[in-house]
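run_35.cif follows; it contains mmCIF, C-alpha atoms.
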```cif
data_query
#
loop_
_atom_site.label_atom_id
_atom_site.label_comp_id
_atom_site.auth_asym_id
_atom_site.auth_seq_id
_atom_site.Cartn_x
_atom_site.Cartn_y
_atom_site.Cartn_z
CA MET U 4 0.00 0.00 0.00
CA ILE U 5 1.09 3.56 -0.75
CA LYS U 6 0.69 5.70 2.36
CA VAL U 7 -0.50 9.19 1.38
CA TRP U 8 -0.87 12.03 3.85
CA PHE U 9 -3.64 14.54 2.99
CA ASP U 10 -4.13 17.74 5.00
CA ALA U 11 -7.62 19.28 4.74
CA LEU U 12 -8.12 22.90 5.83
CA THR U 13 -11.56 23.63 4.33
CA ALA U 14 -14.78 21.78 3.58
CA LYS U 15 -13.79 21.72 -0.10
CA GLN U 16 -10.48 20.07 0.75
CA ALA U 17 -12.33 17.56 2.94
CA ARG U 18 -14.39 16.62 -0.13
CA ILE U 19 -11.20 16.07 -2.13
CA ALA U 20 -9.85 13.88 0.68
CA ALA U 21 -13.08 11.87 0.69
CA VAL U 22 -12.91 11.12 -3.04
CA LEU U 23 -9.21 10.24 -2.91
CA GLY U 24 -9.80 8.06 0.14
CA ILE U 25 -12.67 6.14 -1.47
CA VAL U 26 -11.21 5.80 -4.99
CA GLY U 27 -7.67 5.33 -3.66
CA ARG U 28 -8.57 2.18 -1.73
CA ASP U 29 -9.02 0.30 -5.01
CA GLU U 30 -5.72 1.72 -6.27
CA GLY U 31 -3.60 0.52 -3.35
CA ILE U 32 -3.58 3.88 -1.58
CA ASP U 33 -3.98 4.25 2.18
CA LEU U 34 -4.96 7.83 3.02
CA LEU U 35 -3.99 9.44 6.31
CA ILE U 36 -6.12 12.56 6.76
CA THR U 37 -5.25 15.46 9.04
CA CYS U 38 -7.32 18.61 9.32
CA ARG U 39 -7.68 21.88 11.16
CA SER U 40 -10.74 22.57 13.32
CA TYR U 41 -12.47 25.21 11.22
CA ASP U 42 -15.86 25.76 9.64
CA TYR U 43 -17.50 22.54 8.37
CA VAL U 44 -14.35 20.46 7.75
CA GLU U 45 -15.02 17.84 10.43
CA GLU U 46 -18.69 17.59 9.47
CA VAL U 47 -17.77 16.70 5.88
CA LEU U 48 -15.12 14.15 6.91
CA SER U 49 -17.52 12.56 9.40
CA MET U 50 -20.31 12.47 6.81
CA PHE U 51 -18.16 10.18 4.68
CA GLY U 52 -17.16 8.04 7.66
CA LEU U 53 -13.48 8.91 7.25
CA ARG U 54 -10.85 8.58 9.95
CA TYR U 55 -8.97 11.81 10.59
CA VAL U 56 -6.95 13.72 13.16
CA CYS U 57 -7.62 17.43 13.63
CA VAL U 58 -4.57 19.44 14.64
CA GLY U 59 -4.19 23.13 15.47
CA ARG U 60 -6.16 26.29 14.80
CA HIS U 61 -6.15 29.08 12.23
CA GLY U 62 -4.94 32.61 12.92
CA GLU U 63 -6.88 35.75 12.12
CA ASN U 64 -4.07 38.27 11.55
CA ALA U 65 -0.55 38.00 10.12
CA ARG U 66 1.25 37.48 13.44
CA GLU U 67 -1.34 35.03 14.72
CA LYS U 68 -1.28 33.08 11.45
CA LEU U 69 2.51 32.74 11.80
CA ILE U 70 2.33 31.59 15.42
CA ARG U 71 -0.49 29.11 14.78
CA GLY U 72 1.34 27.82 11.71
CA ILE U 73 4.57 27.12 13.58
CA GLU U 74 2.65 25.43 16.40
CA ARG U 75 0.72 23.33 13.93
CA GLN U 76 3.83 22.20 12.03
CA LEU U 77 5.32 20.84 15.25
CA ALA U 78 2.04 19.11 16.13
CA LEU U 79 1.70 17.58 12.64
CA LEU U 80 5.22 16.20 12.90
CA ASP U 81 4.09 14.14 15.89
CA VAL U 82 0.93 12.92 14.16
CA VAL U 83 1.84 11.90 10.62
CA GLY U 84 4.60 9.36 11.25
CA ASP U 85 5.97 7.80 8.06
CA PHE U 86 4.30 8.34 4.69
CA ASP U 87 5.22 8.05 1.01
CA VAL U 88 3.62 11.14 -0.61
CA HIS U 89 1.97 14.30 0.70
CA VAL U 90 -1.07 15.80 -1.07
CA SER U 91 -2.96 18.97 -0.18
CA LEU U 92 -4.64 21.95 -1.70
CA THR U 93 -1.59 24.06 -0.79
CA SER U 94 -1.50 23.66 3.00
CA PRO U 95 1.53 25.73 4.07
CA ASP U 96 2.01 23.84 7.34
CA ALA U 97 1.78 20.37 5.78
CA VAL U 98 3.94 21.24 2.77
CA ARG U 99 6.65 22.61 5.07
CA VAL U 100 6.63 19.42 7.15
CA ALA U 101 6.70 17.15 4.10
CA PHE U 102 9.51 19.18 2.53
CA GLY U 103 11.50 19.03 5.76
CA LEU U 104 11.10 15.24 5.83
CA ASN U 105 12.22 15.02 2.19
CA LYS U 106 8.93 13.50 1.06
CA PRO U 107 7.38 14.06 -2.42
CA ILE U 108 4.68 16.76 -2.49
CA ILE U 109 1.66 17.14 -4.78
CA ALA U 110 0.12 20.60 -4.53
CA LEU U 111 -3.42 20.96 -5.83
CA THR U 112 -4.35 24.55 -6.56
CA ASP U 113 -7.02 26.66 -8.24
CA THR U 114 -6.40 29.97 -6.46
CA ALA U 115 -3.77 31.90 -8.36
CA HIS U 116 -4.73 34.98 -6.34
CA SER U 117 -3.71 33.39 -3.00
CA TYR U 118 -0.30 35.08 -3.02
CA PHE U 119 1.07 34.21 0.43
CA VAL U 120 -0.04 30.58 0.39
CA ASN U 121 1.28 30.03 -3.13
CA LYS U 122 4.65 31.59 -2.29
CA LEU U 123 4.99 29.19 0.66
CA THR U 124 3.91 26.02 -1.13
CA LEU U 125 4.24 25.89 -4.91
CA PRO U 126 8.05 26.30 -5.05
CA LEU U 127 8.41 23.31 -2.68
CA ALA U 128 6.08 20.96 -4.55
CA ASN U 129 7.28 18.17 -6.82
CA VAL U 130 4.05 18.34 -8.83
CA VAL U 131 1.45 21.10 -9.10
CA ILE U 132 -2.01 20.12 -10.40
CA ALA U 133 -4.25 22.95 -11.59
CA PRO U 134 -7.17 23.64 -13.96
CA SER U 135 -6.04 24.50 -17.49
CA ALA U 136 -8.39 27.51 -17.47
CA ILE U 137 -5.84 29.33 -15.31
CA PRO U 138 -3.01 30.68 -17.52
CA MET U 139 0.45 29.21 -16.95
CA SER U 140 1.72 32.77 -16.51
CA GLU U 141 -0.09 32.88 -13.14
CA TRP U 142 1.90 29.91 -11.83
CA ALA U 143 5.11 31.38 -13.25
CA ARG U 144 4.81 34.09 -10.57
CA TYR U 145 5.51 31.45 -7.92
CA ILE U 146 7.46 28.65 -9.63
CA PRO U 147 11.04 29.02 -10.97
CA SER U 148 11.09 28.93 -14.78
CA ALA U 149 13.35 25.86 -14.75
CA GLU U 150 10.62 23.96 -12.87
CA ILE U 151 7.49 25.20 -14.62
CA ASP U 152 7.07 21.82 -16.34
CA LYS U 153 6.06 20.33 -12.97
CA VAL U 154 2.63 21.90 -13.46
CA ARG U 155 0.07 19.36 -14.69
CA THR U 156 -3.24 20.75 -15.95
CA PHE U 157 -6.69 19.31 -16.56
CA ASN U 158 -9.73 20.59 -18.44
CA GLY U 159 -12.12 21.05 -15.55
CA VAL U 160 -12.41 22.10 -11.91
CA PHE U 161 -11.71 20.19 -8.69
CA GLU U 162 -15.40 20.28 -7.76
CA LEU U 163 -16.02 17.72 -10.53
CA MET U 164 -14.37 15.13 -8.25
CA TRP U 165 -17.46 15.00 -6.05
CA VAL U 166 -20.19 16.55 -8.18
CA SER U 167 -19.74 13.83 -10.83
CA ARG U 168 -20.29 11.17 -8.11
CA PHE U 169 -23.32 12.83 -6.51
CA LYS U 170 -26.88 11.47 -6.46
CA PRO U 171 -29.62 13.71 -4.97
CA SER U 172 -31.58 12.20 -2.09
CA GLY U 173 -33.58 15.01 -0.52
CA ASP U 174 -32.49 13.86 2.94
CA SER U 175 -30.91 17.22 3.82
CA ILE U 176 -34.01 19.29 3.05
CA ARG U 177 -36.24 16.88 4.95
CA ARG U 178 -34.05 17.25 8.02
CA LEU U 179 -34.03 21.03 7.69
CA GLY U 180 -37.75 21.24 7.08
CA VAL U 181 -37.48 23.23 3.84
CA LYS U 182 -39.15 22.53 0.49
CA SER U 183 -37.37 22.02 -2.82
CA LYS U 184 -36.99 25.24 -4.86
CA GLU U 185 -38.55 27.33 -2.06
CA TYR U 186 -35.28 28.33 -0.38
CA VAL U 187 -31.95 29.95 -1.26
CA VAL U 188 -28.57 28.79 0.08
CA ILE U 189 -26.38 31.73 1.12
CA ARG U 190 -22.71 31.68 2.18
CA PHE U 191 -20.63 34.53 3.64
CA GLU U 192 -17.29 35.58 2.18
CA GLU U 193 -13.96 34.32 3.56
CA ALA U 194 -13.22 37.70 5.14
CA LYS U 195 -10.15 36.65 7.16
CA ALA U 196 -8.30 34.63 4.53
CA SER U 197 -4.77 35.80 3.74
CA TYR U 198 -5.79 36.61 0.14
CA TYR U 199 -8.94 38.55 1.03
CA ASN U 200 -8.30 42.29 1.21
CA TYR U 201 -11.55 43.66 -0.16
CA GLY U 202 -13.14 44.79 3.09
CA ASP U 203 -15.95 43.22 5.05
CA LYS U 204 -19.05 42.48 2.95
CA SER U 205 -21.31 41.34 5.78
CA ARG U 206 -23.64 44.32 5.50
CA LEU U 207 -24.04 43.68 1.77
CA LEU U 208 -24.95 40.07 2.46
CA ILE U 209 -27.50 41.07 5.10
CA ARG U 210 -29.21 43.19 2.42
CA ILE U 211 -29.11 40.28 -0.02
CA VAL U 212 -30.60 37.89 2.56
CA LYS U 213 -33.34 40.38 3.46
CA ASN U 214 -34.17 40.79 -0.24
CA VAL U 215 -34.45 37.01 -0.69
CA LEU U 216 -36.70 36.70 2.37
CA GLU U 217 -38.93 39.60 1.30
CA ARG U 218 -39.47 37.83 -2.02
CA GLY U 219 -41.05 34.94 -0.13
CA TYR U 220 -38.16 32.47 -0.14
CA SER U 221 -36.63 30.82 2.91
CA ALA U 222 -32.87 31.16 3.43
CA VAL U 223 -30.36 28.55 4.56
CA LEU U 224 -27.38 30.57 5.74
CA PHE U 225 -23.77 29.50 6.32
CA PRO U 226 -21.64 32.08 8.19
CA ARG U 227 -17.87 31.49 8.34
CA TYR U 228 -17.15 33.39 11.56
CA ALA U 229 -18.91 34.06 14.85
CA TYR U 230 -19.22 37.82 14.22
CA GLN U 231 -21.07 37.11 10.95
CA GLU U 232 -23.53 34.85 12.74
CA GLU U 233 -24.06 37.43 15.49
CA LEU U 234 -24.79 40.10 12.89
CA VAL U 235 -27.42 37.86 11.28
CA LYS U 236 -29.07 37.20 14.64
CA SER U 237 -29.08 40.92 15.41
CA GLU U 238 -30.42 42.10 12.05
CA LEU U 239 -32.60 39.17 10.98
CA GLY U 240 -33.55 37.51 14.25
CA LEU U 241 -37.28 37.82 13.55
CA TYR U 242 -36.95 35.69 10.41
CA MET U 243 -35.05 33.08 12.42
CA ARG U 244 -37.81 32.95 15.04
CA LEU U 245 -40.39 32.54 12.27
CA GLY U 246 -38.39 29.65 10.80
CA LYS U 247 -37.78 31.45 7.49
CA LEU U 248 -34.03 31.76 8.09
CA VAL U 249 -31.99 28.75 9.20
CA ILE U 250 -28.32 28.50 10.23
CA PRO U 251 -27.53 24.75 10.28
CA ARG U 252 -25.13 23.53 12.95
CA ASN U 253 -23.83 20.02 13.69
CA MET U 254 -26.35 18.41 11.35
CA ARG U 255 -23.97 16.69 8.90
CA LEU U 256 -25.98 18.00 5.98
CA ASP U 257 -24.87 17.22 2.44
CA GLY U 258 -24.16 20.62 0.92
CA LEU U 259 -24.59 19.21 -2.59
CA ASP U 260 -28.06 17.92 -1.76
CA LEU U 261 -28.96 21.36 -0.39
CA SER U 262 -27.65 23.07 -3.52
CA TRP U 263 -29.40 20.61 -5.84
CA HIS U 264 -32.82 21.40 -4.32
CA ALA U 265 -32.22 25.15 -3.83
CA ARG U 266 -33.82 27.84 -5.98
CA ALA U 267 -30.38 29.51 -6.08
CA VAL U 268 -27.04 29.59 -4.30
CA ILE U 269 -25.34 32.88 -3.36
CA THR U 270 -21.80 32.98 -1.98
CA GLY U 271 -18.91 35.34 -1.35
CA GLY U 272 -16.47 32.57 -2.32
CA SER U 273 -16.31 30.21 -5.25
CA THR U 274 -16.69 26.57 -4.18
CA MET U 275 -20.42 26.52 -3.40
CA ALA U 276 -21.14 28.59 -6.52
CA HIS U 277 -19.16 26.20 -8.70
CA GLU U 278 -20.79 23.15 -7.11
CA ALA U 279 -24.27 24.57 -7.65
CA ALA U 280 -23.59 25.62 -11.25
CA LEU U 281 -22.18 22.18 -12.07
CA LEU U 282 -25.32 20.63 -10.56
CA GLY U 283 -27.50 22.93 -12.66
CA THR U 284 -28.72 25.23 -9.89
CA PRO U 285 -28.39 28.99 -10.63
CA ALA U 286 -25.45 30.33 -8.63
CA ILE U 287 -24.23 33.84 -7.84
CA SER U 288 -20.74 34.73 -6.61
CA TYR U 289 -20.04 38.18 -5.16
CA PHE U 290 -16.27 37.54 -4.80
CA PRO U 291 -14.84 40.97 -5.76
CA GLN U 292 -11.96 39.84 -7.98
CA ARG U 293 -12.08 38.40 -11.49
CA TYR U 294 -11.75 34.64 -11.26
CA TYR U 295 -10.59 32.54 -14.23
CA LEU U 296 -12.68 29.54 -13.24
CA ASP U 297 -15.86 31.63 -13.12
CA ASP U 298 -15.17 32.72 -16.70
CA TYR U 299 -14.45 29.11 -17.68
CA LEU U 300 -17.71 27.75 -16.26
CA ILE U 301 -19.81 30.62 -17.64
CA SER U 302 -18.27 30.19 -21.11
CA ASN U 303 -19.21 26.51 -20.97
CA GLY U 304 -22.87 27.41 -20.47
CA LEU U 305 -23.25 26.71 -16.77
CA PRO U 306 -25.75 28.83 -14.75
CA LEU U 307 -23.17 30.91 -12.88
CA TYR U 308 -23.52 34.66 -12.41
CA ARG U 309 -21.27 37.30 -10.90
CA CYS U 310 -21.97 40.54 -9.08
CA VAL U 311 -19.98 43.17 -7.21
CA ASP U 312 -21.34 45.28 -4.38
CA GLU U 313 -24.23 47.52 -5.42
CA ASP U 314 -25.34 45.51 -8.47
CA CYS U 315 -25.82 42.32 -6.41
CA ILE U 316 -29.48 42.95 -5.53
CA ASP U 317 -30.30 43.43 -9.23
CA VAL U 318 -28.47 40.22 -10.19
CA VAL U 319 -30.19 38.25 -7.42
CA ASN U 320 -33.59 39.53 -8.56
CA LYS U 321 -32.78 38.71 -12.18
CA VAL U 322 -31.87 35.12 -11.29
CA LEU U 323 -34.93 34.63 -9.07
CA ASP U 324 -37.18 36.02 -11.83
CA MET U 325 -35.97 33.42 -14.34
CA ASP U 326 -38.43 30.72 -15.42
CA ILE U 327 -35.67 28.08 -15.43
CA GLU U 328 -35.09 26.65 -11.97
CA HIS U 329 -32.69 23.90 -12.98
CA VAL U 330 -30.38 23.26 -15.94
CA ASP U 331 -29.48 19.80 -17.22
CA THR U 332 -25.68 20.01 -17.09
CA THR U 333 -24.97 16.36 -18.04
CA PRO U 334 -23.78 17.12 -21.61
CA LEU U 335 -21.68 20.04 -20.37
CA LEU U 336 -19.99 18.00 -17.64
CA SER U 337 -19.20 15.16 -20.04
CA ARG U 338 -16.82 17.50 -21.88
CA MET U 339 -14.89 18.30 -18.70
CA GLU U 340 -12.15 16.32 -16.98
CA ASP U 341 -12.39 14.94 -13.45
CA PRO U 342 -8.81 15.27 -12.05
CA THR U 343 -9.06 12.25 -9.71
CA LYS U 344 -7.24 9.89 -12.07
CA LEU U 345 -4.50 12.47 -12.74
CA ILE U 346 -3.90 12.92 -8.98
CA ILE U 347 -3.77 9.16 -8.35
CA ASN U 348 -1.41 8.59 -11.29
CA GLU U 349 0.94 11.27 -9.96
CA ILE U 350 0.83 9.71 -6.48
CA LYS U 351 1.84 6.35 -7.94
CA ARG U 352 4.60 7.91 -10.04
CA LEU U 353 6.12 9.77 -7.10
CA ALA U 354 5.86 6.66 -4.93
CA GLY U 355 7.72 4.67 -7.58
CA VAL U 356 4.84 2.30 -8.27
CA GLY U 357 4.53 0.85 -11.75
CA GLN U 358 7.73 2.44 -12.97
#
```
Could I get this structure in the form of structure tokens?
Amino acid sequence: MIKVWFDALTAKQARIAAVLGIVGRDEGIDLLITCRSYDYVEEVLSMFGLRYVCVGRHGENAREKLIRGIERQLALLDVVGDFDVHVSLTSPDAVRVAFGLNKPIIALTDTAHSYFVNKLTLPLANVVIAPSAIPMSEWARYIPSAEIDKVRTFNGVFELMWVSRFKPSGDSIRRLGVKSKEYVVIRFEEAKASYYNYGDKSRLLIRIVKNVLERGYSAVLFPRYAYQEELVKSELGLYMRLGKLVIPRNMRLDGLDLSWHARAVITGGSTMAHEAALLGTPAISYFPQRYYLDDYLISNGLPLYRCVDEDCIDVVNKVLDMDIEHVDTTPLLSRMEDPTKLIINEIKRLAGVGQ
């Protein structure tokens, strides 16, 4: 068996770990999963019945991020033991540990704008796997020109790894007590990420949520931080008491099932928007910066829309006024590439299997 260490820092990365863990078993891969206690990471890992060890916390400012990172590297060193290959979606702590132990590193990445993380991880990786929609010139900012050929690209997005394996059940909406197409899923922005320097958008999102509720829809809301949740309770507490606004906690809900049955998905990030659009549910991202993968998915005909600040209410209303509630994306997805096989092949190559 090839022992692969995967470090998951977000719910998206937990999904990647789940697919690699399940598919990898048939490929002779034993996946050791570590994580960081943050957001919905542990819920996703538990939902798939995966074994994992959560280590450390995240920092909220530059100094705290550094301190927490150093502490976490030392803690990871005690947890991971021996392994053959490290894989992560650019986890600075895990990549540093793997590099220090002289172990091969596969860095998965789709965030060319994440300057600090990319500077700390991509130069140390043996292989970088990224969507081909992101120009190679973006990776050349972080990788020495003599090593640029270590970038492997695929015609798709990482979200295809789990969206292509998804079957809707309706279990999540039954447990929440909401009806299909009568609610909107809404996700706050990642305001404290190292790459996010666009100012707090919480007030904008409160206005968006209020607009959705006033149009007669329910809202299923996912804050990222405690202050965002407190703001919702302060501004929209009446809707929560009436059961029109729900903030799920510790329910192990399948986010894909929620997005499949939603009338729309609105997020300040990209993952939930990309998942929803791939599923055929209209999705809106209010992430302030141009994002290559948004352009890629939109150009392929997926129901993804973008807005910035003051035009968001108009875009939300436009989407909710559409007659089409769901798009059959099957033919569109069949033209895209699921990167799972590429990742597993690179694991085997670096581990010296089948050479």
Checklist line | Using only C-alpha atoms: which of U:Lys344, U:Lys170, U:Lys321, U:Lys351 has the shortest distance to Val22 in chain U | finding: U:Lys344
Could you pull the residues within 9 Å of Val90 in chain U, counting all atoms listed in the file, minus those fewer than 4 positions along the same chain, as a JSON list (two decimals) with C-alpha atoms, in the coordinates of the input?
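Output contents, as saved in part-v4.json:
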```
[["chain", "number", "residue", "atom", "x", "y", "z"],
["U", 7, "VAL", "CA", -0.50, 9.19, 1.38],
["U", 8, "TRP", "CA", -0.87, 12.03, 3.85],
["U", 9, "PHE", "CA", -3.64, 14.54, 2.99],
["U", 10, "ASP", "CA", -4.13, 17.74, 5.00],
["U", 94, "SER", "CA", -1.50, 23.66, 3.00],
["U", 97, "ALA", "CA", 1.78, 20.37, 5.78],
["U", 98, "VAL", "CA", 3.94, 21.24, 2.77],
["U", 107, "PRO", "CA", 7.38, 14.06, -2.42],
["U", 108, "ILE", "CA", 4.68, 16.76, -2.49],
["U", 109, "ILE", "CA", 1.66, 17.14, -4.78],
["U", 110, "ALA", "CA", 0.12, 20.60, -4.53],
["U", 111, "LEU", "CA", -3.42, 20.96, -5.83],
["U", 346, "ILE", "CA", -3.90, 12.92, -8.98],
["U", 350, "ILE", "CA", 0.83, 9.71, -6.48]]
```
Notebook entry, point to check: Which value, in Å to one decimal, gives the distance between CA of Gly283 in chain U and CA of Leu256 in chain U?
Noted result: 19.3 Å
Note to self: With distances taken over all atoms listed in the file, which residue among U:Val235, U:Val100, U:Leu23, U:Cys38 lies nearest Asp85 in chain U?
What the structure shows: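 For Asp85 in chain U, the nearest of the given residues is U:Val100.
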Checklist line | Which residue of U:Ser262, U:Thr343, U:Asn214, U:Thr37 approaches Leu239 in chain U most closely, using all atoms listed in the file | finding: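 Between U:Ser262, U:Thr343, U:Asn214, U:Thr37, the residue approaching Leu239 in chain U most closely is U:Asn214.
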Note to self: Suppose a student applies the PyMOL selection byres ((chain U and resi 61) around 9) to this structure; what residues should they get, written as a ChimeraX atom specification?
What the structure shows: /U:39-41,59-60,62-63,67-68,71-72
Any chance you could export range 200-295 of chain U with C-alpha atoms, as a CSV table (one decimal), in the first residue's frame?
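After the write, decode.csv holds the following:
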```
chain,number,residue,atom,x,y,z
U,200,ASN,CA,-8.3,42.3,1.2
U,201,TYR,CA,-11.6,43.7,-0.2
U,202,GLY,CA,-13.1,44.8,3.1
U,203,ASP,CA,-16.0,43.2,5.0
U,204,LYS,CA,-19.0,42.5,3.0
U,205,SER,CA,-21.3,41.3,5.8
U,206,ARG,CA,-23.6,44.3,5.5
U,207,LEU,CA,-24.0,43.7,1.8
U,208,LEU,CA,-25.0,40.1,2.5
U,209,ILE,CA,-27.5,41.1,5.1
U,210,ARG,CA,-29.2,43.2,2.4
U,211,ILE,CA,-29.1,40.3,0.0
U,212,VAL,CA,-30.6,37.9,2.6
U,213,LYS,CA,-33.3,40.4,3.5
U,214,ASN,CA,-34.2,40.8,-0.2
U,215,VAL,CA,-34.4,37.0,-0.7
U,216,LEU,CA,-36.7,36.7,2.4
U,217,GLU,CA,-38.9,39.6,1.3
U,218,ARG,CA,-39.5,37.8,-2.0
U,219,GLY,CA,-41.0,34.9,-0.1
U,220,TYR,CA,-38.2,32.5,-0.1
U,221,SER,CA,-36.6,30.8,2.9
U,222,ALA,CA,-32.9,31.2,3.4
U,223,VAL,CA,-30.4,28.6,4.6
U,224,LEU,CA,-27.4,30.6,5.7
U,225,PHE,CA,-23.8,29.5,6.3
U,226,PRO,CA,-21.6,32.1,8.2
U,227,ARG,CA,-17.9,31.5,8.3
U,228,TYR,CA,-17.1,33.4,11.6
U,229,ALA,CA,-18.9,34.1,14.9
U,230,TYR,CA,-19.2,37.8,14.2
U,231,GLN,CA,-21.1,37.1,10.9
U,232,GLU,CA,-23.5,34.8,12.7
U,233,GLU,CA,-24.1,37.4,15.5
U,234,LEU,CA,-24.8,40.1,12.9
U,235,VAL,CA,-27.4,37.9,11.3
U,236,LYS,CA,-29.1,37.2,14.6
U,237,SER,CA,-29.1,40.9,15.4
U,238,GLU,CA,-30.4,42.1,12.0
U,239,LEU,CA,-32.6,39.2,11.0
U,240,GLY,CA,-33.5,37.5,14.3
U,241,LEU,CA,-37.3,37.8,13.6
U,242,TYR,CA,-37.0,35.7,10.4
U,243,MET,CA,-35.0,33.1,12.4
U,244,ARG,CA,-37.8,32.9,15.0
U,245,LEU,CA,-40.4,32.5,12.3
U,246,GLY,CA,-38.4,29.6,10.8
U,247,LYS,CA,-37.8,31.4,7.5
U,248,LEU,CA,-34.0,31.8,8.1
U,249,VAL,CA,-32.0,28.8,9.2
U,250,ILE,CA,-28.3,28.5,10.2
U,251,PRO,CA,-27.5,24.7,10.3
U,252,ARG,CA,-25.1,23.5,13.0
U,253,ASN,CA,-23.8,20.0,13.7
U,254,MET,CA,-26.4,18.4,11.4
U,255,ARG,CA,-24.0,16.7,8.9
U,256,LEU,CA,-26.0,18.0,6.0
U,257,ASP,CA,-24.9,17.2,2.4
U,258,GLY,CA,-24.2,20.6,0.9
U,259,LEU,CA,-24.6,19.2,-2.6
U,260,ASP,CA,-28.1,17.9,-1.8
U,261,LEU,CA,-29.0,21.4,-0.4
U,262,SER,CA,-27.6,23.1,-3.5
U,263,TRP,CA,-29.4,20.6,-5.8
U,264,HIS,CA,-32.8,21.4,-4.3
U,265,ALA,CA,-32.2,25.1,-3.8
U,266,ARG,CA,-33.8,27.8,-6.0
U,267,ALA,CA,-30.4,29.5,-6.1
U,268,VAL,CA,-27.0,29.6,-4.3
U,269,ILE,CA,-25.3,32.9,-3.4
U,270,THR,CA,-21.8,33.0,-2.0
U,271,GLY,CA,-18.9,35.3,-1.4
U,272,GLY,CA,-16.5,32.6,-2.3
U,273,SER,CA,-16.3,30.2,-5.3
U,274,THR,CA,-16.7,26.6,-4.2
U,275,MET,CA,-20.4,26.5,-3.4
U,276,ALA,CA,-21.1,28.6,-6.5
U,277,HIS,CA,-19.2,26.2,-8.7
U,278,GLU,CA,-20.8,23.1,-7.1
U,279,ALA,CA,-24.3,24.6,-7.6
U,280,ALA,CA,-23.6,25.6,-11.2
U,281,LEU,CA,-22.2,22.2,-12.1
U,282,LEU,CA,-25.3,20.6,-10.6
U,283,GLY,CA,-27.5,22.9,-12.7
U,284,THR,CA,-28.7,25.2,-9.9
U,285,PRO,CA,-28.4,29.0,-10.6
U,286,ALA,CA,-25.4,30.3,-8.6
U,287,ILE,CA,-24.2,33.8,-7.8
U,288,SER,CA,-20.7,34.7,-6.6
U,289,TYR,CA,-20.0,38.2,-5.2
U,290,PHE,CA,-16.3,37.5,-4.8
U,291,PRO,CA,-14.8,41.0,-5.8
U,292,GLN,CA,-12.0,39.8,-8.0
U,293,ARG,CA,-12.1,38.4,-11.5
U,294,TYR,CA,-11.7,34.6,-11.3
U,295,TYR,CA,-10.6,32.5,-14.2
```
